[in-house]
file coords-v7.txt (compact mmCIF, C-alpha atoms)
# COMPACT_ATOMS: atom_id res chain seq x y z
CA MET A 1119 -29.42 -6.19 51.46
CA THR A 1120 -32.66 -7.39 49.88
CA GLU A 1121 -34.87 -9.82 51.69
CA ALA A 1122 -38.03 -10.82 49.85
CA THR A 1123 -40.84 -12.77 51.39
CA GLU A 1124 -44.12 -13.93 49.93
CA ALA A 1125 -46.34 -15.54 52.50
CA VAL A 1126 -49.87 -16.12 53.66
CA GLU A 1127 -50.47 -14.69 57.12
CA ILE A 1128 -52.91 -16.43 59.44
CA GLU A 1129 -53.24 -14.46 62.64
CA ARG A 1130 -55.57 -13.77 65.51
CA LYS A 1131 -55.47 -10.52 67.44
CA PHE A 1132 -56.63 -9.84 71.00
CA LEU A 1133 -56.88 -7.03 73.48
CA VAL A 1134 -54.78 -7.58 76.62
CA ALA A 1135 -56.59 -8.08 79.96
CA GLN A 1136 -53.40 -8.17 82.03
CA LEU A 1137 -49.87 -7.33 80.88
CA PRO A 1138 -47.38 -10.21 81.14
CA VAL A 1139 -43.92 -9.55 82.61
CA LEU A 1140 -42.28 -7.56 79.81
CA GLU A 1141 -38.70 -7.59 81.11
CA GLU A 1142 -38.29 -11.21 80.00
CA LEU A 1143 -39.30 -10.46 76.41
CA LYS A 1144 -37.32 -9.18 73.44
CA ALA A 1145 -38.36 -5.59 72.61
CA LYS A 1146 -37.97 -3.56 69.42
CA PRO A 1147 -39.16 -0.01 68.73
CA VAL A 1148 -41.36 0.13 65.63
CA ARG A 1149 -42.65 3.05 63.60
CA GLN A 1150 -44.81 2.48 60.58
CA GLY A 1151 -46.94 4.43 58.18
CA TYR A 1152 -49.32 3.71 55.33
CA VAL A 1153 -49.02 5.16 51.85
CA THR A 1154 -52.40 3.79 50.80
CA GLN A 1155 -55.73 4.69 52.36
CA ALA A 1156 -58.60 2.59 53.65
CA GLY A 1157 -60.61 1.29 50.69
CA ASP A 1158 -57.63 1.01 48.33
CA SER A 1159 -57.15 -2.35 46.59
CA VAL A 1160 -53.80 -2.96 48.28
CA GLU A 1161 -52.02 -1.81 51.44
CA LEU A 1162 -48.54 -0.30 51.10
CA ARG A 1163 -46.76 -0.01 54.45
CA LEU A 1164 -43.39 1.46 55.38
CA ARG A 1165 -41.87 0.18 58.62
CA GLU A 1166 -38.75 0.85 60.65
CA LYS A 1167 -38.12 -1.94 63.13
CA GLY A 1168 -35.03 -2.06 65.33
CA GLY A 1169 -32.97 -0.04 62.81
CA ALA A 1170 -34.02 -2.02 59.72
CA PHE A 1171 -36.39 -0.68 57.06
CA PHE A 1172 -39.10 -2.52 55.16
CA LEU A 1173 -41.62 -1.90 52.41
CA THR A 1174 -44.59 -4.25 52.55
CA LEU A 1175 -47.48 -4.89 50.17
CA LYS A 1176 -50.58 -6.60 51.54
CA SER A 1177 -53.76 -7.56 49.82
CA GLU A 1178 -57.01 -6.88 51.65
CA GLY A 1179 -58.73 -9.58 53.70
CA GLY A 1180 -59.55 -10.75 57.23
CA LEU A 1181 -58.03 -14.02 58.48
CA VAL A 1182 -55.86 -14.75 55.40
CA ARG A 1183 -53.92 -11.98 53.63
CA MET A 1184 -51.19 -12.07 50.93
CA GLU A 1185 -47.96 -10.25 51.75
CA ARG A 1186 -44.83 -9.26 49.83
CA GLU A 1187 -42.05 -7.59 51.77
CA ILE A 1188 -38.65 -6.22 50.79
CA GLU A 1189 -35.96 -4.73 52.95
CA ILE A 1190 -35.03 -1.21 51.86
CA ASP A 1191 -32.22 1.09 52.96
CA ALA A 1192 -32.53 4.21 55.11
CA ALA A 1193 -32.38 6.60 52.13
CA GLN A 1194 -35.13 4.74 50.25
CA PHE A 1195 -37.24 4.76 53.42
CA GLU A 1196 -36.78 8.47 54.06
CA ALA A 1197 -37.65 9.32 50.44
CA LEU A 1198 -41.02 7.56 50.69
CA TRP A 1199 -41.88 8.22 54.37
CA PRO A 1200 -43.41 11.71 53.75
CA ALA A 1201 -46.15 9.98 51.73
CA THR A 1202 -47.46 8.39 54.95
CA GLU A 1203 -48.22 11.69 56.71
CA GLY A 1204 -51.41 11.44 58.78
CA ARG A 1205 -51.37 7.60 58.66
CA ARG A 1206 -48.60 6.64 61.11
CA LEU A 1207 -48.19 4.83 64.40
CA GLU A 1208 -45.41 3.94 66.79
CA LYS A 1209 -45.16 1.10 69.28
CA THR A 1210 -42.79 -1.17 71.14
CA ARG A 1211 -43.08 -4.77 69.98
CA TYR A 1212 -42.35 -7.54 72.48
CA VAL A 1213 -41.89 -11.07 71.13
CA GLY A 1214 -42.52 -14.11 73.32
CA ALA A 1215 -44.01 -17.59 73.44
CA LEU A 1216 -46.92 -19.14 75.33
CA PRO A 1217 -46.29 -22.22 77.54
CA ASP A 1218 -47.36 -24.52 74.65
CA GLY A 1219 -44.72 -22.94 72.38
CA THR A 1220 -47.11 -20.77 70.33
CA GLY A 1221 -45.36 -17.50 69.53
CA PHE A 1222 -46.96 -14.14 70.20
CA GLU A 1223 -46.22 -10.50 69.41
CA LEU A 1224 -47.30 -7.95 72.00
CA ASP A 1225 -47.63 -4.34 70.80
CA VAL A 1226 -47.48 -1.59 73.42
CA PHE A 1227 -48.46 1.55 71.55
CA THR A 1228 -46.71 4.85 72.24
CA GLY A 1229 -47.46 8.39 71.06
CA THR A 1230 -51.08 9.30 70.46
CA LEU A 1231 -52.27 5.66 70.70
CA ALA A 1232 -50.97 5.04 74.26
CA PRO A 1233 -51.91 3.17 76.45
CA LEU A 1234 -53.38 0.72 73.92
CA VAL A 1235 -51.92 -2.81 74.03
CA LEU A 1236 -52.65 -5.61 71.53
CA VAL A 1237 -51.36 -9.16 71.17
CA GLU A 1238 -51.14 -11.19 67.94
CA VAL A 1239 -50.68 -14.92 67.51
CA GLU A 1240 -49.65 -16.41 64.15
CA PHE A 1241 -50.68 -19.87 62.99
CA ASP A 1242 -49.66 -22.39 60.33
CA SER A 1243 -53.23 -23.10 59.26
CA ALA A 1244 -56.74 -21.71 59.54
CA GLU A 1245 -57.65 -24.85 61.52
CA ALA A 1246 -54.97 -24.12 64.12
CA ALA A 1247 -56.16 -20.51 64.30
CA ARG A 1248 -59.73 -21.60 65.00
CA ALA A 1249 -58.67 -24.23 67.55
CA PHE A 1250 -56.55 -21.80 69.59
CA THR A 1251 -57.56 -21.28 73.23
CA PRO A 1252 -56.20 -17.95 74.48
CA PRO A 1253 -54.53 -17.77 77.92
CA ASP A 1254 -56.18 -15.85 80.77
CA TRP A 1255 -54.12 -12.70 80.24
CA PHE A 1256 -55.57 -12.22 76.74
CA GLY A 1257 -58.64 -10.00 76.44
CA ALA A 1258 -61.35 -9.79 73.77
CA ASP A 1259 -60.71 -11.32 70.34
CA VAL A 1260 -60.53 -8.41 67.86
CA THR A 1261 -59.31 -10.39 64.81
CA GLU A 1262 -62.36 -9.42 62.78
CA ASP A 1263 -62.73 -5.92 64.24
CA ARG A 1264 -61.26 -3.71 61.53
CA ARG A 1265 -60.93 -0.78 63.95
CA TYR A 1266 -57.99 -2.62 65.57
CA ARG A 1267 -56.05 -3.17 62.39
CA ASN A 1268 -52.81 -1.19 62.42
CA ARG A 1269 -53.90 0.86 59.47
CA ALA A 1270 -57.22 1.78 61.08
CA LEU A 1271 -55.38 2.72 64.29
CA ALA A 1272 -52.96 4.87 62.25
CA ASP A 1273 -55.87 6.54 60.44
CA ASP A 1274 -58.46 6.89 63.17
CA GLY A 1275 -56.82 6.42 66.58
CA VAL A 1276 -58.01 4.20 69.44
CA PRO A 1277 -61.56 2.82 68.96
CA GLY A 1278 -64.09 4.56 71.20
CA ARG A 1279 -61.81 7.49 71.96
CA PRO A 1280 -62.84 10.91 70.56
CA GLU A 1281 -61.17 11.74 67.20
CA ARG A 1282 -57.58 12.77 67.78
CA ARG A 1283 -57.55 15.04 64.75
CA GLY A 1284 -59.73 18.09 64.14
CA MET B 1203 -27.79 3.33 44.70
CA THR B 1204 -30.73 5.37 45.92
CA GLU B 1205 -32.01 8.29 43.92
CA ALA B 1206 -34.99 10.09 45.40
CA THR B 1207 -37.02 12.69 43.61
CA GLU B 1208 -40.01 14.69 44.72
CA ALA B 1209 -41.45 16.80 41.93
CA VAL B 1210 -44.55 18.25 40.39
CA GLU B 1211 -45.11 16.97 36.85
CA ILE B 1212 -46.72 19.26 34.30
CA GLU B 1213 -47.17 17.39 31.06
CA ARG B 1214 -49.27 17.29 27.93
CA LYS B 1215 -49.80 14.09 25.98
CA PHE B 1216 -50.70 13.67 22.31
CA LEU B 1217 -51.41 10.98 19.76
CA VAL B 1218 -48.90 10.93 16.89
CA ALA B 1219 -50.13 11.83 13.39
CA GLN B 1220 -46.82 11.02 11.68
CA LEU B 1221 -43.79 9.33 13.22
CA PRO B 1222 -40.62 11.45 13.26
CA VAL B 1223 -37.29 9.88 12.17
CA LEU B 1224 -36.56 7.56 15.09
CA GLU B 1225 -32.97 6.63 14.21
CA GLU B 1226 -31.75 10.03 15.42
CA LEU B 1227 -33.32 9.64 18.86
CA LYS B 1228 -32.07 7.95 22.03
CA ALA B 1229 -34.11 4.77 22.67
CA LYS B 1230 -34.65 2.77 25.86
CA PRO B 1231 -36.80 -0.32 26.36
CA VAL B 1232 -39.28 0.17 29.21
CA ARG B 1233 -41.52 -2.27 31.06
CA GLN B 1234 -43.77 -1.11 33.81
CA GLY B 1235 -46.59 -2.40 35.92
CA TYR B 1236 -49.00 -1.04 38.50
CA VAL B 1237 -49.48 -2.46 41.99
CA THR B 1238 -52.47 -0.24 42.67
CA GLN B 1239 -55.73 -0.26 40.73
CA ALA B 1240 -57.79 2.50 39.18
CA GLY B 1241 -59.71 4.31 41.90
CA ASP B 1242 -57.04 3.85 44.58
CA SER B 1243 -55.89 6.98 46.41
CA VAL B 1244 -52.33 6.66 45.12
CA GLU B 1245 -50.59 5.06 42.15
CA LEU B 1246 -47.67 2.69 42.84
CA ARG B 1247 -45.67 1.90 39.71
CA LEU B 1248 -42.71 -0.41 39.15
CA ARG B 1249 -40.57 0.37 36.12
CA GLU B 1250 -37.52 -1.14 34.43
CA LYS B 1251 -35.92 1.35 32.06
CA GLY B 1252 -32.69 0.61 30.23
CA GLY B 1253 -31.51 -1.82 32.93
CA ALA B 1254 -32.35 0.41 35.92
CA PHE B 1255 -35.27 -0.21 38.28
CA PHE B 1256 -37.58 2.32 39.89
CA LEU B 1257 -40.47 2.43 42.35
CA THR B 1258 -42.70 5.47 41.90
CA LEU B 1259 -45.57 6.86 43.95
CA LYS B 1260 -47.93 9.30 42.28
CA SER B 1261 -50.94 11.08 43.66
CA GLU B 1262 -54.01 11.25 41.48
CA GLY B 1263 -54.72 14.26 39.25
CA GLY B 1264 -54.79 15.53 35.68
CA LEU B 1265 -52.34 18.24 34.62
CA VAL B 1266 -50.43 18.47 37.95
CA ARG B 1267 -49.48 15.33 39.92
CA MET B 1268 -47.18 14.74 42.90
CA GLU B 1269 -44.46 12.14 42.41
CA ARG B 1270 -41.93 10.38 44.66
CA GLU B 1271 -39.48 8.01 43.01
CA ILE B 1272 -36.69 5.83 44.36
CA GLU B 1273 -34.25 3.65 42.47
CA ILE B 1274 -34.39 0.03 43.61
CA ASP B 1275 -32.19 -2.94 42.80
CA ALA B 1276 -33.07 -5.91 40.59
CA ALA B 1277 -33.87 -8.21 43.53
CA GLN B 1278 -36.22 -5.66 45.12
CA PHE B 1279 -37.90 -5.18 41.74
CA GLU B 1280 -38.37 -8.89 41.10
CA ALA B 1281 -39.81 -9.43 44.59
CA LEU B 1282 -42.56 -6.86 43.99
CA TRP B 1283 -43.14 -7.33 40.22
CA PRO B 1284 -45.60 -10.28 40.62
CA ALA B 1285 -48.01 -7.87 42.37
CA THR B 1286 -48.48 -6.05 39.02
CA GLU B 1287 -49.87 -9.06 37.15
CA GLY B 1288 -52.64 -8.01 34.73
CA ARG B 1289 -51.62 -4.31 34.92
CA ARG B 1290 -48.45 -4.14 32.81
CA LEU B 1291 -47.21 -2.55 29.60
CA GLU B 1292 -44.04 -2.49 27.54
CA LYS B 1293 -42.77 0.15 25.14
CA THR B 1294 -39.69 1.70 23.58
CA ARG B 1295 -39.16 5.26 24.76
CA TYR B 1296 -37.43 7.69 22.39
CA VAL B 1297 -36.23 11.00 23.83
CA GLY B 1298 -35.79 14.06 21.62
CA ALA B 1299 -36.31 17.81 21.36
CA LEU B 1300 -38.48 20.03 19.18
CA PRO B 1301 -36.83 22.81 17.09
CA ASP B 1302 -37.56 25.35 19.87
CA GLY B 1303 -35.71 23.16 22.39
CA THR B 1304 -38.79 21.75 24.15
CA GLY B 1305 -38.04 18.15 25.12
CA PHE B 1306 -40.38 15.30 24.22
CA GLU B 1307 -40.73 11.62 25.06
CA LEU B 1308 -42.15 9.39 22.32
CA ASP B 1309 -43.53 6.02 23.43
CA VAL B 1310 -43.81 3.27 20.81
CA PHE B 1311 -45.80 0.54 22.52
CA THR B 1312 -44.93 -3.12 21.99
CA GLY B 1313 -46.70 -6.31 23.02
CA THR B 1314 -50.49 -6.22 23.21
CA LEU B 1315 -50.64 -2.41 22.89
CA ALA B 1316 -48.82 -2.21 19.49
CA PRO B 1317 -49.00 -0.21 17.25
CA LEU B 1318 -50.04 2.59 19.63
CA VAL B 1319 -47.69 5.61 19.72
CA LEU B 1320 -47.94 8.55 22.17
CA VAL B 1321 -45.81 11.64 22.72
CA GLU B 1322 -45.44 13.60 25.98
CA VAL B 1323 -44.06 17.08 26.49
CA GLU B 1324 -43.06 18.31 29.96
CA PHE B 1325 -43.27 21.95 31.05
CA ASP B 1326 -41.92 24.14 33.84
CA SER B 1327 -45.28 25.78 34.53
CA ALA B 1328 -48.98 25.35 33.85
CA GLU B 1329 -48.81 28.58 31.83
CA ALA B 1330 -46.13 27.14 29.54
CA ALA B 1331 -48.20 23.96 29.14
CA ARG B 1332 -51.27 25.93 28.09
CA ALA B 1333 -49.28 28.16 25.70
CA PHE B 1334 -47.64 25.21 23.88
CA THR B 1335 -48.36 24.93 20.14
CA PRO B 1336 -47.78 21.33 19.01
CA PRO B 1337 -45.86 20.67 15.77
CA ASP B 1338 -47.62 19.21 12.72
CA TRP B 1339 -46.51 15.64 13.44
CA PHE B 1340 -48.42 15.62 16.76
CA GLY B 1341 -51.99 14.27 16.67
CA ALA B 1342 -54.94 14.82 19.01
CA ASP B 1343 -54.30 16.20 22.53
CA VAL B 1344 -55.17 13.38 24.97
CA THR B 1345 -53.81 15.02 28.16
CA GLU B 1346 -57.21 14.91 29.82
CA ASP B 1347 -58.34 11.61 28.28
CA ARG B 1348 -57.81 9.15 31.11
CA ARG B 1349 -57.98 6.19 28.71
CA TYR B 1350 -54.51 7.16 27.43
CA ARG B 1351 -52.87 7.24 30.83
CA ASN B 1352 -50.29 4.50 31.14
CA ARG B 1353 -52.21 2.86 33.92
CA ALA B 1354 -55.43 2.80 31.95
CA LEU B 1355 -53.56 1.34 28.95
CA ALA B 1356 -52.03 -1.33 31.20
CA ASP B 1357 -55.46 -2.14 32.67
CA ASP B 1358 -57.73 -1.85 29.66
CA GLY B 1359 -55.64 -1.88 26.47
CA VAL B 1360 -55.89 0.51 23.51
CA PRO B 1361 -58.99 2.77 23.62
CA GLY B 1362 -61.62 1.71 21.10
CA ARG B 1363 -60.12 -1.72 20.56
CA PRO B 1364 -62.16 -4.72 21.78
CA GLU B 1365 -61.17 -5.91 25.28
CA ARG B 1366 -57.92 -7.86 25.12
CA ARG B 1367 -58.82 -9.99 28.13
CA GLY B 1368 -61.87 -12.20 28.52

call {"tool": "encode", "arguments": {"input": "coords-v7.txt", "output": "structure tokens"}}
result
Amino acid sequence: MTEATEAVEIERKFLVAQLPVLEELKAKPVRQGYVTQAGDSVELRLREKGGAFFLTLKSEGGLVRMEREIEIDAAQFEALWPATEGRRLEKTRYVGALPDGTGFELDVFTGTLAPLVLVEVEFDSAEAARAFTPPDWFGADVTEDRRYRNRALADDGVPGRPERRG
Amino acid sequence: MTEATEAVEIERKFLVAQLPVLEELKAKPVRQGYVTQAGDSVELRLREKGGAFFLTLKSEGGLVRMEREIEIDAAQFEALWPATEGRRLEKTRYVGALPDGTGFELDVFTGTLAPLVLVEVEFDSAEAARAFTPPDWFGADVTEDRRYRNRALADDGVPGRPERRG
């Protein structure tokens, strides 16, 4: 029941100018919350994704971040989940591929973050990330805009929208 | 395999002026490490204690701290343990009781922290903690001295001793 990964993530993240046809894509409901707060030395995330539960540690950083993830069971998840109160988000994740084979993950946010939509593309190298030409349906590149990181969205809501909490 | 606890800890911690007779006490080897760093909003600790493995979240604070703990398996522990590098300690924990029945935990540190010894007493209320009269074999009260917190010891070594790391 334990799945451990240690990996370097190289991703770019974009707004979405025009939604692709979602019916053709695999969809999974996701809810996640953060135990740590912005400014902490490490990010501890709890995530439920399609009925599986994960605990993930990430170091801070922009383009390249270190990640350790383990699968946990439902009881372990529920015992820790209360510690994420006030730092949660929910979304439907659609997984697909661009015509050149590059995989993408499209996040359609639900709950208080709707109707925000973001798309992420993962790369094998920083060179590939820099060389990537986004298709027309992608919007602005927000890779380096910390307001669009999941944790910032969970903490602060949609950028430019009035504060959702008092 | 999952054991979840959510509790308020009320403890006092002391140096040890004179070691009690250890042979009569239950002893367990402990190793623990911290994923988070000093100054983070939460403390994430991994601990192996007598062959069992635990992941513990603690909020910051002095006399009263919030704690959530789950038991994890060896594979989950080993997957996350590398994230504690540079913030670890090992000790033998002896558990006993004072003549009035108050339980204590005596930590004899091994490795780079030897020969440090600390004793902790846990209470049901802040009133009981304040009313406690330590026995003669207890030394100075270090409850409020952050240098004697396990995390500070793991980070910085024994207070007053020259830095153990370059």

call {"tool": "atom_distance", "arguments": {"input": "coords-v7.txt", "atom1": "CA of Phe1250 in chain A", "atom2": "CA of Lys1176 in chain A"}}
result
24.3 Å

call {"tool": "atom_distance", "arguments": {"input": "coords-v7.txt", "atom1": "CA of Glu1271 in chain B", "atom2": "CA of Gln1194 in chain A"}}
result
9.1 Å

call {"tool": "closest_atom_pairs", "arguments": {"input": "coords-v7.txt", "of": "range 1189-1271 of chain A", "to": "range 1126-1133 of chain A", "cutoff": "8 Å", "atoms": "all atoms listed in the file", "output": "Markdown table"}}
result
| residue | atom | partner | partner_atom | distance |
| --- | --- | --- | --- | --- |
| A:Val1235 | CA | A:Leu1133 | CA | 6.5 |
| A:Leu1236 | CA | A:Leu1133 | CA | 4.9 |
| A:Val1237 | CA | A:Phe1132 | CA | 5.3 |
| A:Glu1238 | CA | A:Lys1131 | CA | 4.4 |
| A:Val1239 | CA | A:Arg1130 | CA | 5.4 |
| A:Glu1240 | CA | A:Glu1129 | CA | 4.4 |
| A:Phe1241 | CA | A:Ile1128 | CA | 5.4 |
| A:Asp1242 | CA | A:Ile1128 | CA | 6.8 |
| A:Ser1243 | CA | A:Ile1128 | CA | 6.7 |
| A:Ala1244 | CA | A:Ile1128 | CA | 6.5 |
| A:Ala1247 | CA | A:Arg1130 | CA | 6.9 |
| A:Phe1256 | CA | A:Leu1133 | CA | 6.3 |
| A:Gly1257 | CA | A:Leu1133 | CA | 4.5 |
| A:Ala1258 | CA | A:Leu1133 | CA | 5.3 |
| A:Asp1259 | CA | A:Phe1132 | CA | 4.4 |
| A:Val1260 | CA | A:Phe1132 | CA | 5.2 |
| A:Thr1261 | CA | A:Lys1131 | CA | 4.7 |

call {"tool": "write_last_selection", "arguments": {"input": "coords-v7.txt", "atoms": "C-alpha atoms", "output": "short mmCIF file (atom, residue, chain, number, x, y, z; two decimals), in the coordinates of the input"}}
result
data_model
loop_
_atom_site.label_atom_id
_atom_site.label_comp_id
_atom_site.auth_asym_id
_atom_site.auth_seq_id
_atom_site.Cartn_x
_atom_site.Cartn_y
_atom_site.Cartn_z
CA VAL A 1235 -51.92 -2.81 74.03
CA LEU A 1236 -52.65 -5.61 71.53
CA VAL A 1237 -51.36 -9.16 71.17
CA GLU A 1238 -51.14 -11.19 67.94
CA VAL A 1239 -50.68 -14.92 67.51
CA GLU A 1240 -49.65 -16.41 64.15
CA PHE A 1241 -50.68 -19.87 62.99
CA ASP A 1242 -49.66 -22.39 60.33
CA SER A 1243 -53.23 -23.10 59.26
CA ALA A 1244 -56.74 -21.71 59.54
CA ALA A 1247 -56.16 -20.51 64.30
CA PHE A 1256 -55.57 -12.22 76.74
CA GLY A 1257 -58.64 -10.00 76.44
CA ALA A 1258 -61.35 -9.79 73.77
CA ASP A 1259 -60.71 -11.32 70.34
CA VAL A 1260 -60.53 -8.41 67.86
CA THR A 1261 -59.31 -10.39 64.81
#

call {"tool": "interface_residues", "arguments": {"input": "coords-v7.txt", "of": "chain A", "to": "chain B", "cutoff": "10 Å", "atoms": "all atoms listed in the file", "output": "count of residues only"}}
result
38

call {"tool": "atom_distance", "arguments": {"input": "coords-v7.txt", "atom1": "CA of Arg1363 in chain B", "atom2": "CA of Gly1313 in chain B"}}
result
14.4 Å

call {"tool": "closest_residue", "arguments": {"input": "coords-v7.txt", "among": "A:Val1148, A:Val1226, A:Met1184, A:Ala1232", "to": "Glu1208 in chain A", "atoms": "all atoms listed in the file"}}
result
A:Val1148
